[in-house]
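Here is the structure we will look at, set down as structure tokens.
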2 protein chains.
Amino acid sequence: MEDDRISLAHGNGGRFMRELIEEIFARHLSDSNLDVQADAAPIDLNGGDVMITTDGFTVQPLEFPGGDIGSLAVHGTTNDLAVAGARPLYLTLNAFIEEGLEIEILDRIVASLATAAREAGVQVKAGDTKVLRRGEGGGLYLATTGVGVRLPGVHPSIHRIQDGDVAIVSGTVGDHGTAVMLAREDFGLRGDVVSDAGPVMALTEALMGFDGLRFMRDPTRGGIASIANEIVRATGLGVRLEATIPVKDPVQSVCEMLGYDPYYLACEGRVFAVLAPEYVDEALAAWRALPGGRDAARAGRISATDERVILETPLGGERFLEELEDDPLPRIC
Amino acid sequence: MEDDRISLAHGNGGRFMRELIEEIFARHLSDSNLDVQADAAPIDLNGGDVMITTDGFTVQPLEFPGGDIGSLAVHGTTNDLAVAGARPLYLTLNAFIEEGLEIEILDRIVASLATAAREAGVQVKAGDTKVLRRGEGGGLYLATTGVGVRLPGVHPSIHRIQDGDVAIVSGTVGDHGTAVMLAREDFGLRGDVVSDAGPVMALTEALMGFDGLRFMRDPTRGGIASIANEIVRATGLGVRLEATIPVKDPVQSVCEMLGYDPYYLACEGRVFAVLAPEYVDEALAAWRALPGGRDAARAGRISATDERVILETPLGGERFLEELEDDPLPRIC
């Protein structure tokens, strides 16, 4: 690692974070069989295919158009189970609350969390709270663990991806990152972009019957560009992202003004899936029939030619999408 | 609640924390069947008796005599499963890391966590990290979820406690709280008190065969006085703590100097158990035969006469131990 201290880049979903996880967490936990690439890990209990996952949440502001840290925690955690091919059943919840947080805000957020849990069909079975001294927290941090059971059908995995496979995405990208950024009012910009945060179970379960399903992931920190880079690292294959990836006009405008790239911005209610090419039309049709998948589109293809992520621009150009180094938007989730 | 803002007292293990949990978390999560009194909750998966629990850790300093936040997270979480009558099997881990934390410290802490997990026989199956901006965190916070399976034998529960039952404790109380307090060097005091933080599985499993086992809990925030108050609230019975509860001399001295009460100070490797009286001698003998139970002693008795917690002093006096209101030691676990 470059320095002897933690920097913001260690939390950004990109290279420094991966190195931190590989060099510290995964190394020390190697005999735990910790798979740092998986969204959810199977646990052997009573012979069942139980899946478990966990997530921390530090989004700022705590409430934003389209959600808040409470609903986000539920969606983020249950979506990780969903894209691993599991149905979420249970959650645990840790809340780190800063001294001085208004109880009314906390009340709203926990209510929102509870509603999101009900809608996702999960029960919160255990919890813990800690209060942080004023100045030792950012209002509220949450940590949630999800437990679910594997659905029948294929077991999607990044290692199933093959040359010639096709990627699809369930909707527009970058909405969550843009909505949170605008809600911070750091830039003097206003907009009506709403976070895409929401459950993806209907989307993932719609694909579980397809033999040609290889891999699913919900783009969060680091966006779809980071997922594509993970595929390159895990498989040695290249990913060519295509100009068909949907981006909302206001998201594109904000990105152009501020120098962001929507492909790196977080979503919180989308699925990026890779399938064998012959299944793509049917998969897109299945998604478009769902409320959360109306804007589903082809996103790119897997190609053994270049071992990197290439974005094909609308005018026929190409540019490389490298692994993130800086954190474009701290506390986005 | 007294105020419209969160105060430190909301995290102290006492009344304000209970009210916060009851009035906000439990209320909104009531259809999750969240049991805010249980150390671990059963989850129904494939017909097995799976138990799940979760904990957050914010101890300051991050390293202290006898442990660190990493080993503490493992012990705290696995101990919650143990006292619920389960054998811990899996953990998930969230780390909230403040920008600026030395990587060397983080490395030591994660190594310590991994060692503690190995010794406890648990695998860390999922994890997540977030980096907090400088000034938005206290160096490092951890959140861990534990999953285990219920052991054969009785199902210990606070609701099994009966009038005439006897309480025992597996060792000296207040060591952890005192060790952390001294490590902070806030008081200009030095001492060689070592935290009792450690696994309690051997202690809890030693009691699981006793039909007369009613209830077990590991005293953490709020100490054994808070457990006794929980018993009073849950059962309507009184608890008379007795002068036989072991307290180390240096712990007693520090408490006298600073005005603390050792019965309210955190332990992190002790078990407080309640049994039918005819099982007490055998239970104490079983504990004293174990390395973690050499100082096990009778701690008190359940009495329907007074519906509160009464401490019997060595000279025959009595005083009430009320539910904590202030937080005597923030960031103790």
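Chain labels run A, B, ... following the order of the structure tokens; each chain numbers its residues from 1, and ligands are numbered from 1 in the order shown.
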
Neighbours of Ile224 (chain B) within 10 Å (only C-alpha atoms; same-chain residues fewer than 2 positions away dropped), as an MDAnalysis selection string? chainID B and resid 169 173:174 217:222 226:230 241 245 262:267 270:272 299

Prev. selection, C-alpha atoms, output as a PDB file, in the first residue's frame:
```pdb
ATOM      1  CA  VAL B 169     -20.766 -15.621  38.416  1.00  0.00           C
ATOM      2  CA  VAL B 173     -16.319  -8.481  37.860  1.00  0.00           C
ATOM      3  CA  GLY B 174     -15.312  -5.110  36.442  1.00  0.00           C
ATOM      4  CA  ARG B 217     -25.881 -13.818  30.331  1.00  0.00           C
ATOM      5  CA  ASP B 218     -22.443 -12.325  29.781  1.00  0.00           C
ATOM      6  CA  PRO B 219     -22.179  -9.041  31.664  1.00  0.00           C
ATOM      7  CA  THR B 220     -20.923  -6.313  29.302  1.00  0.00           C
ATOM      8  CA  ARG B 221     -22.011  -2.651  29.272  1.00  0.00           C
ATOM      9  CA  GLY B 222     -23.695  -1.890  32.568  1.00  0.00           C
ATOM     10  CA  SER B 226     -27.695  -4.113  34.789  1.00  0.00           C
ATOM     11  CA  ILE B 227     -28.330  -7.839  34.300  1.00  0.00           C
ATOM     12  CA  ALA B 228     -29.952  -7.946  37.722  1.00  0.00           C
ATOM     13  CA  ASN B 229     -32.156  -5.000  36.791  1.00  0.00           C
ATOM     14  CA  GLU B 230     -33.128  -6.754  33.565  1.00  0.00           C
ATOM     15  CA  LEU B 241     -26.697  -9.600  45.056  1.00  0.00           C
ATOM     16  CA  ILE B 245     -19.243 -11.576  44.207  1.00  0.00           C
ATOM     17  CA  PRO B 262     -17.617  -2.407  40.097  1.00  0.00           C
ATOM     18  CA  TYR B 263     -21.045  -4.008  39.781  1.00  0.00           C
ATOM     19  CA  TYR B 264     -21.841  -1.589  36.963  1.00  0.00           C
ATOM     20  CA  LEU B 265     -18.536  -2.008  35.136  1.00  0.00           C
ATOM     21  CA  ALA B 266     -18.275  -4.111  32.007  1.00  0.00           C
ATOM     22  CA  CYS B 267     -16.880  -7.628  31.894  1.00  0.00           C
ATOM     23  CA  ARG B 270     -17.667 -13.709  32.420  1.00  0.00           C
ATOM     24  CA  VAL B 271     -20.958 -15.548  32.717  1.00  0.00           C
ATOM     25  CA  PHE B 272     -23.725 -14.672  35.145  1.00  0.00           C
ATOM     26  CA  ALA B 299     -23.503 -14.019  43.246  1.00  0.00           C
TER      27      ALA B 299
END
```

Write out as a list of chain:residue names which residues come within 7 Å of Leu321 (chain B) when counting only C-alpha atoms, dropping same-chain ones fewer than 4 positions away. B:Ala225, B:Val309, B:Ile310, B:Leu311

Using only N, CA and C atoms, please write the residues we just selected to a file, as a JSON list (two decimals), in the first residue's frame.
```json
[["chain", "number", "residue", "atom", "x", "y", "z"],
["B", 225, "ALA", "N", -24.93, -5.43, 37.62],
["B", 225, "ALA", "CA", -26.05, -4.67, 38.17],
["B", 225, "ALA", "C", -27.13, -4.49, 37.11],
["B", 309, "VAL", "N", -33.30, -4.45, 42.76],
["B", 309, "VAL", "CA", -31.98, -5.06, 42.96],
["B", 309, "VAL", "C", -31.39, -4.50, 44.24],
["B", 310, "ILE", "N", -31.02, -5.40, 45.13],
["B", 310, "ILE", "CA", -30.46, -5.02, 46.43],
["B", 310, "ILE", "C", -29.09, -5.66, 46.55],
["B", 311, "LEU", "N", -28.11, -4.86, 46.92],
["B", 311, "LEU", "CA", -26.77, -5.39, 47.17],
["B", 311, "LEU", "C", -26.59, -5.55, 48.68]]
```

I'd like the neighbourhood of Gly148 (chain A) as an mmCIF file with N, CA, C and O atoms, in the first residue's frame, where a residue qualifies if any of its atoms comes within 7 Å (using only C-alpha atoms), though same-chain residues fewer than 3 positions away should be ignored.
```cif
data_model
loop_
_atom_site.group_PDB
_atom_site.id
_atom_site.type_symbol
_atom_site.label_atom_id
_atom_site.label_comp_id
_atom_site.auth_asym_id
_atom_site.auth_seq_id
_atom_site.Cartn_x
_atom_site.Cartn_y
_atom_site.Cartn_z
ATOM 1 N N VAL A 50 -27.825 -22.120 3.001
ATOM 2 C CA VAL A 50 -28.053 -20.833 3.645
ATOM 3 C C VAL A 50 -26.996 -19.851 3.156
ATOM 4 O O VAL A 50 -25.833 -20.207 3.013
ATOM 5 N N MET A 51 -27.391 -18.629 2.855
ATOM 6 C CA MET A 51 -26.458 -17.603 2.387
ATOM 7 C C MET A 51 -26.453 -16.454 3.391
ATOM 8 O O MET A 51 -27.494 -16.098 3.938
ATOM 9 N N ILE A 52 -25.278 -15.856 3.604
ATOM 10 C CA ILE A 52 -25.166 -14.754 4.544
ATOM 11 C C ILE A 52 -24.357 -13.628 3.909
ATOM 12 O O ILE A 52 -23.453 -13.893 3.104
ATOM 13 N N LEU A 81 -27.872 -10.538 -1.343
ATOM 14 C CA LEU A 81 -28.335 -11.930 -1.329
ATOM 15 C C LEU A 81 -29.022 -12.271 -2.643
ATOM 16 O O LEU A 81 -28.806 -13.347 -3.220
ATOM 17 N N ALA A 86 -30.067 -15.930 -3.986
ATOM 18 C CA ALA A 86 -30.744 -16.342 -2.751
ATOM 19 C C ALA A 86 -31.977 -15.487 -2.507
ATOM 20 O O ALA A 86 -32.081 -14.370 -3.014
ATOM 21 N N ARG A 87 -32.891 -16.011 -1.722
ATOM 22 C CA ARG A 87 -34.027 -15.222 -1.252
ATOM 23 C C ARG A 87 -33.726 -14.766 0.173
ATOM 24 O O ARG A 87 -33.505 -15.596 1.055
ATOM 25 N N PRO A 88 -33.709 -13.434 0.404
ATOM 26 C CA PRO A 88 -33.402 -12.923 1.748
ATOM 27 C C PRO A 88 -34.523 -13.269 2.734
ATOM 28 O O PRO A 88 -35.703 -13.180 2.390
ATOM 29 N N LEU A 89 -34.145 -13.633 3.938
ATOM 30 C CA LEU A 89 -35.128 -13.985 4.960
ATOM 31 C C LEU A 89 -34.972 -13.182 6.247
ATOM 32 O O LEU A 89 -35.952 -12.805 6.861
ATOM 33 N N TYR A 90 -33.732 -12.962 6.653
ATOM 34 C CA TYR A 90 -33.486 -12.349 7.965
ATOM 35 C C TYR A 90 -32.409 -11.286 7.865
ATOM 36 O O TYR A 90 -31.504 -11.380 7.038
#
```

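If you look at CA of Gly236 (chain B) and CA of Glu307 (chain B), they are 6.0 Å away from each other.
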
If DSSP is run on the backbone, what residues of region 207-316 of chain A are strand (DSSP E or B)? A reply as an mmCIF file with all heavy atoms, in the first residue's frame would be ideal.
```
data_model
loop_
_atom_site.group_PDB
_atom_site.id
_atom_site.type_symbol
_atom_site.label_atom_id
_atom_site.label_comp_id
_atom_site.auth_asym_id
_atom_site.auth_seq_id
_atom_site.Cartn_x
_atom_site.Cartn_y
_atom_site.Cartn_z
ATOM 1 N N LEU A 213 -27.721 -18.099 -17.477
ATOM 2 C CA LEU A 213 -27.343 -17.039 -16.528
ATOM 3 C C LEU A 213 -25.969 -17.359 -15.954
ATOM 4 O O LEU A 213 -25.742 -18.439 -15.420
ATOM 5 C CB LEU A 213 -28.374 -16.943 -15.396
ATOM 6 C CG LEU A 213 -28.024 -15.943 -14.280
ATOM 7 C CD1 LEU A 213 -27.986 -14.517 -14.806
ATOM 8 C CD2 LEU A 213 -29.003 -16.071 -13.118
ATOM 9 N N ARG A 214 -25.044 -16.390 -16.083
ATOM 10 C CA ARG A 214 -23.695 -16.626 -15.544
ATOM 11 C C ARG A 214 -23.493 -15.924 -14.208
ATOM 12 O O ARG A 214 -22.949 -16.478 -13.285
ATOM 13 C CB ARG A 214 -22.639 -16.064 -16.507
ATOM 14 C CG ARG A 214 -22.818 -16.464 -17.953
ATOM 15 C CD ARG A 214 -22.447 -17.891 -18.200
ATOM 16 N NE ARG A 214 -22.170 -18.054 -19.633
ATOM 17 C CZ ARG A 214 -22.381 -19.171 -20.304
ATOM 18 N NH1 ARG A 214 -22.869 -20.247 -19.702
ATOM 19 N NH2 ARG A 214 -22.089 -19.236 -21.592
ATOM 20 N N PHE A 215 -23.896 -14.653 -14.141
ATOM 21 C CA PHE A 215 -23.428 -13.798 -13.045
ATOM 22 C C PHE A 215 -24.384 -12.627 -12.887
ATOM 23 O O PHE A 215 -24.907 -12.111 -13.882
ATOM 24 C CB PHE A 215 -22.021 -13.291 -13.407
ATOM 25 C CG PHE A 215 -21.478 -12.203 -12.512
ATOM 26 C CD1 PHE A 215 -21.116 -12.471 -11.199
ATOM 27 C CD2 PHE A 215 -21.308 -10.906 -12.987
ATOM 28 C CE1 PHE A 215 -20.601 -11.474 -10.379
ATOM 29 C CE2 PHE A 215 -20.793 -9.900 -12.176
ATOM 30 C CZ PHE A 215 -20.439 -10.195 -10.876
ATOM 31 N N MET A 216 -24.627 -12.244 -11.636
ATOM 32 C CA MET A 216 -25.407 -11.032 -11.382
ATOM 33 C C MET A 216 -24.691 -10.246 -10.278
ATOM 34 O O MET A 216 -24.106 -10.826 -9.373
ATOM 35 C CB MET A 216 -26.821 -11.383 -10.890
ATOM 36 C CG MET A 216 -27.662 -12.131 -11.906
ATOM 37 S SD MET A 216 -29.403 -12.307 -11.366
ATOM 38 C CE MET A 216 -29.260 -13.592 -10.115
ATOM 39 N N ARG A 217 -24.791 -8.938 -10.365
ATOM 40 C CA ARG A 217 -24.297 -8.106 -9.261
ATOM 41 C C ARG A 217 -25.102 -6.813 -9.254
ATOM 42 O O ARG A 217 -25.532 -6.336 -10.302
ATOM 43 C CB ARG A 217 -22.808 -7.810 -9.416
ATOM 44 C CG ARG A 217 -22.260 -6.956 -8.267
ATOM 45 C CD ARG A 217 -20.803 -7.219 -7.969
ATOM 46 N NE ARG A 217 -20.597 -8.535 -7.394
ATOM 47 C CZ ARG A 217 -19.393 -9.079 -7.152
ATOM 48 N NH1 ARG A 217 -18.292 -8.430 -7.472
ATOM 49 N NH2 ARG A 217 -19.297 -10.276 -6.604
ATOM 50 N N GLY A 238 -11.832 -9.553 -21.180
ATOM 51 C CA GLY A 238 -12.154 -8.141 -21.270
ATOM 52 C C GLY A 238 -13.650 -7.908 -21.208
ATOM 53 O O GLY A 238 -14.448 -8.817 -21.440
ATOM 54 N N VAL A 239 -14.028 -6.668 -20.873
ATOM 55 C CA VAL A 239 -15.435 -6.272 -20.889
ATOM 56 C C VAL A 239 -15.554 -5.043 -21.774
ATOM 57 O O VAL A 239 -14.856 -4.040 -21.555
ATOM 58 C CB VAL A 239 -15.958 -5.958 -19.473
ATOM 59 C CG1 VAL A 239 -17.416 -5.513 -19.541
ATOM 60 C CG2 VAL A 239 -15.807 -7.161 -18.555
ATOM 61 N N ARG A 240 -16.390 -5.125 -22.792
ATOM 62 C CA ARG A 240 -16.663 -3.964 -23.640
ATOM 63 C C ARG A 240 -18.052 -3.450 -23.294
ATOM 64 O O ARG A 240 -19.059 -4.080 -23.616
ATOM 65 C CB ARG A 240 -16.569 -4.347 -25.114
ATOM 66 C CG ARG A 240 -15.154 -4.811 -25.517
ATOM 67 C CD ARG A 240 -15.036 -5.024 -27.017
ATOM 68 N NE ARG A 240 -14.941 -3.762 -27.725
ATOM 69 C CZ ARG A 240 -13.801 -3.144 -28.039
ATOM 70 N NH1 ARG A 240 -12.627 -3.692 -27.720
ATOM 71 N NH2 ARG A 240 -13.818 -2.012 -28.688
ATOM 72 N N LEU A 241 -18.107 -2.318 -22.594
ATOM 73 C CA LEU A 241 -19.387 -1.689 -22.280
ATOM 74 C C LEU A 241 -19.848 -0.917 -23.508
ATOM 75 O O LEU A 241 -19.035 -0.312 -24.220
ATOM 76 C CB LEU A 241 -19.246 -0.767 -21.068
ATOM 77 C CG LEU A 241 -18.890 -1.481 -19.752
ATOM 78 C CD1 LEU A 241 -18.658 -0.475 -18.627
ATOM 79 C CD2 LEU A 241 -19.970 -2.480 -19.343
ATOM 80 N N PHE A 272 -26.831 -5.785 -12.717
ATOM 81 C CA PHE A 272 -25.965 -5.978 -13.872
ATOM 82 C C PHE A 272 -25.810 -7.494 -13.984
ATOM 83 O O PHE A 272 -25.368 -8.143 -13.039
ATOM 84 C CB PHE A 272 -24.621 -5.295 -13.607
ATOM 85 C CG PHE A 272 -23.620 -5.375 -14.727
ATOM 86 C CD1 PHE A 272 -23.514 -4.353 -15.667
ATOM 87 C CD2 PHE A 272 -22.752 -6.454 -14.818
ATOM 88 C CE1 PHE A 272 -22.572 -4.409 -16.683
ATOM 89 C CE2 PHE A 272 -21.803 -6.519 -15.839
ATOM 90 C CZ PHE A 272 -21.716 -5.495 -16.772
ATOM 91 N N ALA A 273 -26.232 -8.058 -15.133
ATOM 92 C CA ALA A 273 -26.201 -9.515 -15.280
ATOM 93 C C ALA A 273 -25.430 -9.892 -16.529
ATOM 94 O O ALA A 273 -25.416 -9.147 -17.514
ATOM 95 C CB ALA A 273 -27.616 -10.078 -15.345
ATOM 96 N N VAL A 274 -24.790 -11.041 -16.482
ATOM 97 C CA VAL A 274 -24.088 -11.586 -17.650
ATOM 98 C C VAL A 274 -24.731 -12.922 -18.002
ATOM 99 O O VAL A 274 -24.958 -13.756 -17.113
ATOM 100 C CB VAL A 274 -22.582 -11.763 -17.355
ATOM 101 C CG1 VAL A 274 -21.867 -12.353 -18.569
ATOM 102 C CG2 VAL A 274 -21.952 -10.432 -16.949
ATOM 103 N N LEU A 275 -25.043 -13.086 -19.299
ATOM 104 C CA LEU A 275 -25.704 -14.306 -19.764
ATOM 105 C C LEU A 275 -25.038 -14.803 -21.039
ATOM 106 O O LEU A 275 -24.385 -14.032 -21.759
ATOM 107 C CB LEU A 275 -27.184 -14.045 -20.079
ATOM 108 C CG LEU A 275 -28.090 -13.575 -18.946
ATOM 109 C CD1 LEU A 275 -28.334 -12.081 -19.044
ATOM 110 C CD2 LEU A 275 -29.409 -14.347 -18.966
ATOM 111 N N ALA A 297 -31.642 -2.763 -20.505
ATOM 112 C CA ALA A 297 -30.973 -2.638 -21.806
ATOM 113 C C ALA A 297 -29.711 -3.498 -21.830
ATOM 114 O O ALA A 297 -29.187 -3.892 -20.783
ATOM 115 C CB ALA A 297 -30.599 -1.179 -22.064
ATOM 116 N N ARG A 298 -29.274 -3.753 -23.040
ATOM 117 C CA ARG A 298 -27.987 -4.402 -23.219
ATOM 118 C C ARG A 298 -26.904 -3.452 -22.705
ATOM 119 O O ARG A 298 -26.960 -2.234 -22.914
ATOM 120 C CB ARG A 298 -27.797 -4.684 -24.708
ATOM 121 C CG ARG A 298 -26.517 -5.412 -25.026
ATOM 122 C CD ARG A 298 -26.471 -5.752 -26.523
ATOM 123 N NE ARG A 298 -25.103 -6.016 -26.907
ATOM 124 C CZ ARG A 298 -24.666 -7.193 -27.352
ATOM 125 N NH1 ARG A 298 -25.527 -8.196 -27.526
ATOM 126 N NH2 ARG A 298 -23.398 -7.363 -27.659
ATOM 127 N N ALA A 299 -25.891 -4.011 -22.041
ATOM 128 C CA ALA A 299 -24.853 -3.176 -21.427
ATOM 129 C C ALA A 299 -23.471 -3.430 -22.006
ATOM 130 O O ALA A 299 -22.580 -2.593 -21.825
ATOM 131 C CB ALA A 299 -24.815 -3.411 -19.916
ATOM 132 N N GLY A 300 -23.285 -4.558 -22.668
ATOM 133 C CA GLY A 300 -21.946 -4.803 -23.200
ATOM 134 C C GLY A 300 -21.725 -6.279 -23.471
ATOM 135 O O GLY A 300 -22.670 -7.073 -23.500
ATOM 136 N N ARG A 301 -20.446 -6.630 -23.686
ATOM 137 C CA ARG A 301 -20.145 -8.023 -23.983
ATOM 138 C C ARG A 301 -18.770 -8.386 -23.433
ATOM 139 O O ARG A 301 -17.924 -7.512 -23.203
ATOM 140 C CB ARG A 301 -20.213 -8.273 -25.491
ATOM 141 C CG ARG A 301 -19.233 -7.475 -26.307
ATOM 142 C CD ARG A 301 -19.620 -7.477 -27.786
ATOM 143 N NE ARG A 301 -18.580 -6.825 -28.593
ATOM 144 C CZ ARG A 301 -18.470 -5.510 -28.748
ATOM 145 N NH1 ARG A 301 -19.314 -4.683 -28.146
ATOM 146 N NH2 ARG A 301 -17.502 -5.009 -29.510
ATOM 147 N N ILE A 302 -18.603 -9.671 -23.252
ATOM 148 C CA ILE A 302 -17.340 -10.198 -22.751
ATOM 149 C C ILE A 302 -16.492 -10.565 -23.964
ATOM 150 O O ILE A 302 -16.966 -11.223 -24.887
ATOM 151 C CB ILE A 302 -17.582 -11.444 -21.876
ATOM 152 C CG1 ILE A 302 -18.629 -11.160 -20.789
ATOM 153 C CG2 ILE A 302 -16.280 -11.957 -21.300
ATOM 154 C CD1 ILE A 302 -18.274 -10.057 -19.815
ATOM 155 N N SER A 303 -15.243 -10.108 -23.930
ATOM 156 C CA SER A 303 -14.387 -10.327 -25.086
ATOM 157 C C SER A 303 -12.989 -10.707 -24.624
ATOM 158 O O SER A 303 -12.378 -10.007 -23.810
ATOM 159 C CB SER A 303 -14.322 -9.039 -25.913
ATOM 160 O OG SER A 303 -13.150 -9.039 -26.705
ATOM 161 N N VAL A 309 -11.316 -3.025 -19.369
ATOM 162 C CA VAL A 309 -12.674 -2.532 -19.577
ATOM 163 C C VAL A 309 -12.627 -1.405 -20.593
ATOM 164 O O VAL A 309 -11.903 -0.414 -20.414
ATOM 165 C CB VAL A 309 -13.299 -2.035 -18.263
ATOM 166 C CG1 VAL A 309 -14.717 -1.517 -18.515
ATOM 167 C CG2 VAL A 309 -13.316 -3.151 -17.227
ATOM 168 N N ILE A 310 -13.388 -1.571 -21.663
ATOM 169 C CA ILE A 310 -13.426 -0.578 -22.736
ATOM 170 C C ILE A 310 -14.859 -0.096 -22.883
ATOM 171 O O ILE A 310 -15.789 -0.898 -22.944
ATOM 172 C CB ILE A 310 -12.918 -1.196 -24.057
ATOM 173 C CG1 ILE A 310 -11.433 -1.555 -23.901
ATOM 174 C CG2 ILE A 310 -13.155 -0.253 -25.235
ATOM 175 C CD1 ILE A 310 -10.883 -2.384 -25.025
ATOM 176 N N LEU A 311 -15.022 1.240 -22.918
ATOM 177 C CA LEU A 311 -16.348 1.808 -23.164
ATOM 178 C C LEU A 311 -16.417 2.226 -24.618
ATOM 179 O O LEU A 311 -15.575 2.991 -25.105
ATOM 180 C CB LEU A 311 -16.580 3.020 -22.264
ATOM 181 C CG LEU A 311 -17.893 3.774 -22.518
ATOM 182 C CD1 LEU A 311 -19.104 2.954 -22.079
ATOM 183 C CD2 LEU A 311 -17.880 5.131 -21.823
ATOM 184 N N GLU A 312 -17.417 1.718 -25.325
ATOM 185 C CA GLU A 312 -17.646 2.118 -26.710
ATOM 186 C C GLU A 312 -18.584 3.318 -26.691
ATOM 187 O O GLU A 312 -19.684 3.237 -26.159
ATOM 188 C CB GLU A 312 -18.258 0.954 -27.493
ATOM 189 C CG GLU A 312 -17.340 -0.268 -27.506
ATOM 190 C CD GLU A 312 -17.940 -1.446 -28.264
ATOM 191 O OE1 GLU A 312 -19.130 -1.392 -28.622
ATOM 192 O OE2 GLU A 312 -17.190 -2.423 -28.490
#
```

Write down as a PyMOL selection string the residues belonging to region 39-159 of chain B that are assigned alpha helix (DSSP H) by DSSP computed on the backbone. chain B and resi 69-83+103-120

Show me, as a count of residues only, the residues that have an atom within 10 Å of Ala73 (chain B) when counting only C-alpha atoms, minus same-chain residues fewer than 6 positions from it. 20

Find the spatial neighbours of Ser71 (chain A), counting only C-alpha atoms, within a cut-off of 10 Å - ignore same-chain residues fewer than 5 positions away - and output them as a short mmCIF file (atom, residue, chain, number, x, y, z; two decimals) with N, CA and C atoms, in the first residue's frame.
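The result, stored in part26.cif:
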```cif
data_model
loop_
_atom_site.label_atom_id
_atom_site.label_comp_id
_atom_site.auth_asym_id
_atom_site.auth_seq_id
_atom_site.Cartn_x
_atom_site.Cartn_y
_atom_site.Cartn_z
N GLU A 63 -30.91 11.37 4.78
CA GLU A 63 -32.14 11.26 3.99
C GLU A 63 -31.91 11.97 2.66
N GLY A 66 -35.68 9.73 -2.65
CA GLY A 66 -35.79 8.33 -3.03
C GLY A 66 -35.39 7.36 -1.94
N GLY A 76 -29.55 -2.56 0.24
CA GLY A 76 -28.17 -2.94 -0.04
C GLY A 76 -27.87 -4.36 0.39
N ILE A 109 -35.98 7.22 10.24
CA ILE A 109 -35.09 6.31 9.53
C ILE A 109 -35.35 4.87 9.91
N VAL A 110 -35.59 4.63 11.19
CA VAL A 110 -35.87 3.25 11.61
C VAL A 110 -37.22 2.80 11.06
N ALA A 111 -38.16 3.74 11.02
CA ALA A 111 -39.46 3.41 10.42
C ALA A 111 -39.29 3.04 8.95
N SER A 112 -38.50 3.81 8.27
CA SER A 112 -38.26 3.55 6.86
C SER A 112 -37.57 2.20 6.67
N LEU A 113 -36.63 1.92 7.55
CA LEU A 113 -35.96 0.62 7.51
C LEU A 113 -36.96 -0.51 7.70
N ALA A 114 -37.84 -0.34 8.66
CA ALA A 114 -38.82 -1.38 8.94
C ALA A 114 -39.74 -1.60 7.75
N THR A 115 -40.16 -0.51 7.13
CA THR A 115 -41.02 -0.62 5.94
C THR A 115 -40.30 -1.35 4.82
N ALA A 116 -39.06 -0.96 4.59
CA ALA A 116 -38.30 -1.61 3.53
C ALA A 116 -38.12 -3.10 3.82
N ALA A 117 -37.92 -3.43 5.09
CA ALA A 117 -37.75 -4.84 5.46
C ALA A 117 -39.03 -5.63 5.20
N ALA A 197 -32.63 3.53 -5.34
CA ALA A 197 -32.56 2.55 -4.25
C ALA A 197 -33.86 1.77 -4.14
N GLY A 198 -33.75 0.46 -4.10
CA GLY A 198 -34.93 -0.38 -4.01
C GLY A 198 -34.56 -1.84 -4.09
N PRO A 199 -35.54 -2.71 -3.88
CA PRO A 199 -35.27 -4.15 -3.90
C PRO A 199 -35.13 -4.68 -5.33
#
```

Which residue gives the smallest distance to Gly121 (chain A) among A:Leu106, A:Gly164, A:Glu99, A:Ala202, with only C-alpha atoms counted? A:Ala202

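Reported to one decimal place, the separation of CA of Lys248 (chain B) from CA of Ile231 (chain B) is 25.1 Å.
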
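Here CA of Thr235 (chain A) and CA of Arg160 (chain A) stand 8.7 Å from one another.
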